[in-house]
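As structure tokens, the structure follows; a few thoughts come after it.
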Amino acid sequence: MNLIIQSTQPLLSAHLEQARALAGGVAAIRLDDYAGRILDVDLARRSEVTAWCAQHQLDAAYLPPLHLADFGLVVMDMDSTLISIECIDEIADFCGLKAEVTALTEASMRGELRDFGESLRRRVALLKGLDASVLEQVWRKRLKLSLGAQRMLAGVQAAGLHTLLVSGGFTFFTERLTARLRLDYAHANLLGVSNGKLTGEVVGEIVDAQVKRRRLYEVCAELGITASRAIVIGDGANDLLMMAPAGLSVAFQAKPVVRQAARVSLNFTGLDGVLRLFE
């Protein structure tokens with residue numbers, strides 16, 4: 001088993017060597033200015049190493065040797081994963097209800113609200129009557145890609161992997177991201193609009209945790225691969241079901257319940273940290 005450590009600041013050689021000694025590894029290989037791989041570590045020291053890495057704001061991943069070419073699909077959540085905002089919270093800001101909607105969003109992502117569909121309906125209902133033009137304003141003025149997102153996507157696409165954006169958010173944003181980033185698949189909720197106003201309803205099936213997992217399996221079947229050849233990246237409780245069957249699950253700046261379940265957690269570094277997990 002190897003240990004990959006990553007930093008948001010240039011990784012000091014002294015820190016890399018200290019991590020090797022602490023982990024009981026036989027050698028340390030520098031991957032770039034921000035990361036290193038420690039070979040053949042002692043798993044009995046894992047808790048001590050994890051605490052030390054957290055203290056120094058280093059992301060630590062224990063993995064066997066992995067090769068990106070062995071995977072066929074990258075599945076990403078959208079809000080607070082591929083992008084840095086929660087779109088529904090920003091939409092709610094235009095009607096003065098951001099604090100109320102954000103509180104519901106946070107509770108849902110932490111897994112405190114068991115019924116994601118009901119939580120989403122409650123939040124969307126608060127948007128009723130809002131001019132639909134605010135969606136364009138959120139897209140143009142507030143939506144930003146997460147740190148390292150473009151580099152991560154460039155890397156996996158260059159390796160021949162397909163990409164799926166599956167979100168409990170809205171098609172207005174996933175469709176634009178799909179075009180901008182040349183993604184292969186996207187699946188999200190459709191906001192109701194009538195006479196230029198939001199109706200306060202979601203049209204059709206709500207994309208909850210079960211639907212996210214189903215879409216993962218559907219795309220894998222279409223590509224002729226198993227879910228074990230998928231990399232799934234998410235941050236909230238509604239991502240857990242699609243992360244479970246994945247060959248590699250990555251919690252990105254995620255809620256505690258997701259960090260505990262995922263194979264890898266990136267708490268400090270950007271999404272491009274995913275690329276350093278592979279040899």
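Residue names in the structure tokens use chain letters A, B, ... in the order shown, residue numbers from 1 in each chain, and ligand numbers from 1 in the order shown.
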
Can you pull out the residues contacting A:Lys144? Cut-off 8 Å, using only C-alpha atoms, and skip same-chain residues under 6 positions away; I want them as a PyMOL selection string. chain A and resi 83-85

Please, which residues of stretch 46-207 of chain A, numbered as in this document, come out strand (DSSP E) from DSSP, as a ChimeraX atom specification? /A:58-63,73-76,162-170,185-194,197-203

How about saving the chosen residues, C-alpha atoms kept, as a compact mmCIF listing (two decimals), in the first residue's frame?
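Below is the file that was written, out.txt:
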```txt
# COMPACT_ATOMS: atom_id res chain seq x y z
CA LEU A 58 -1.95 17.88 3.79
CA ASP A 59 -4.32 15.53 2.01
CA ALA A 60 -3.43 11.89 2.59
CA ALA A 61 -4.61 8.97 0.47
CA TYR A 62 -3.78 5.31 1.11
CA LEU A 63 -4.04 3.43 -2.18
CA LEU A 73 -15.72 6.91 -16.47
CA VAL A 74 -15.49 9.89 -14.13
CA VAL A 75 -18.76 10.77 -12.38
CA MET A 76 -19.07 14.17 -10.73
CA HIS A 162 -15.80 9.48 -20.36
CA THR A 163 -17.42 12.05 -18.07
CA LEU A 164 -20.81 12.15 -16.37
CA LEU A 165 -22.17 15.15 -14.47
CA VAL A 166 -25.06 13.99 -12.30
CA SER A 167 -26.67 16.53 -10.01
CA GLY A 168 -29.46 17.20 -7.60
CA GLY A 169 -29.22 20.71 -9.04
CA PHE A 170 -30.71 22.01 -12.26
CA TYR A 185 -23.27 12.94 -20.12
CA ALA A 186 -25.31 15.06 -17.72
CA HIS A 187 -28.41 14.45 -15.63
CA ALA A 188 -30.18 16.92 -13.32
CA ASN A 189 -33.53 18.37 -12.24
CA LEU A 190 -35.71 20.55 -14.45
CA LEU A 191 -37.00 23.75 -12.86
CA GLY A 192 -40.57 24.69 -13.73
CA VAL A 193 -40.89 27.99 -15.64
CA SER A 194 -44.13 29.62 -16.81
CA LYS A 197 -41.31 33.08 -13.84
CA LEU A 198 -40.21 30.14 -11.71
CA THR A 199 -43.25 28.05 -10.76
CA GLY A 200 -41.74 26.82 -7.50
CA GLU A 201 -41.85 23.22 -8.74
CA VAL A 202 -39.49 20.60 -10.10
CA VAL A 203 -40.73 19.08 -13.35
```

Pick out the closest residue to A:Ala23 from this set: A:Thr102, A:Thr50, A:Ser80, A:Gln150. Count only C-alpha atoms.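 Among the listed residues, the smallest separation from A:Ala23 belongs to A:Thr50.
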
Find the distance between atom CA of A:Glu279 and atom CA of A:Thr226 and write it in Å to one decimal.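 These two atoms are separated by 21.5 Å.
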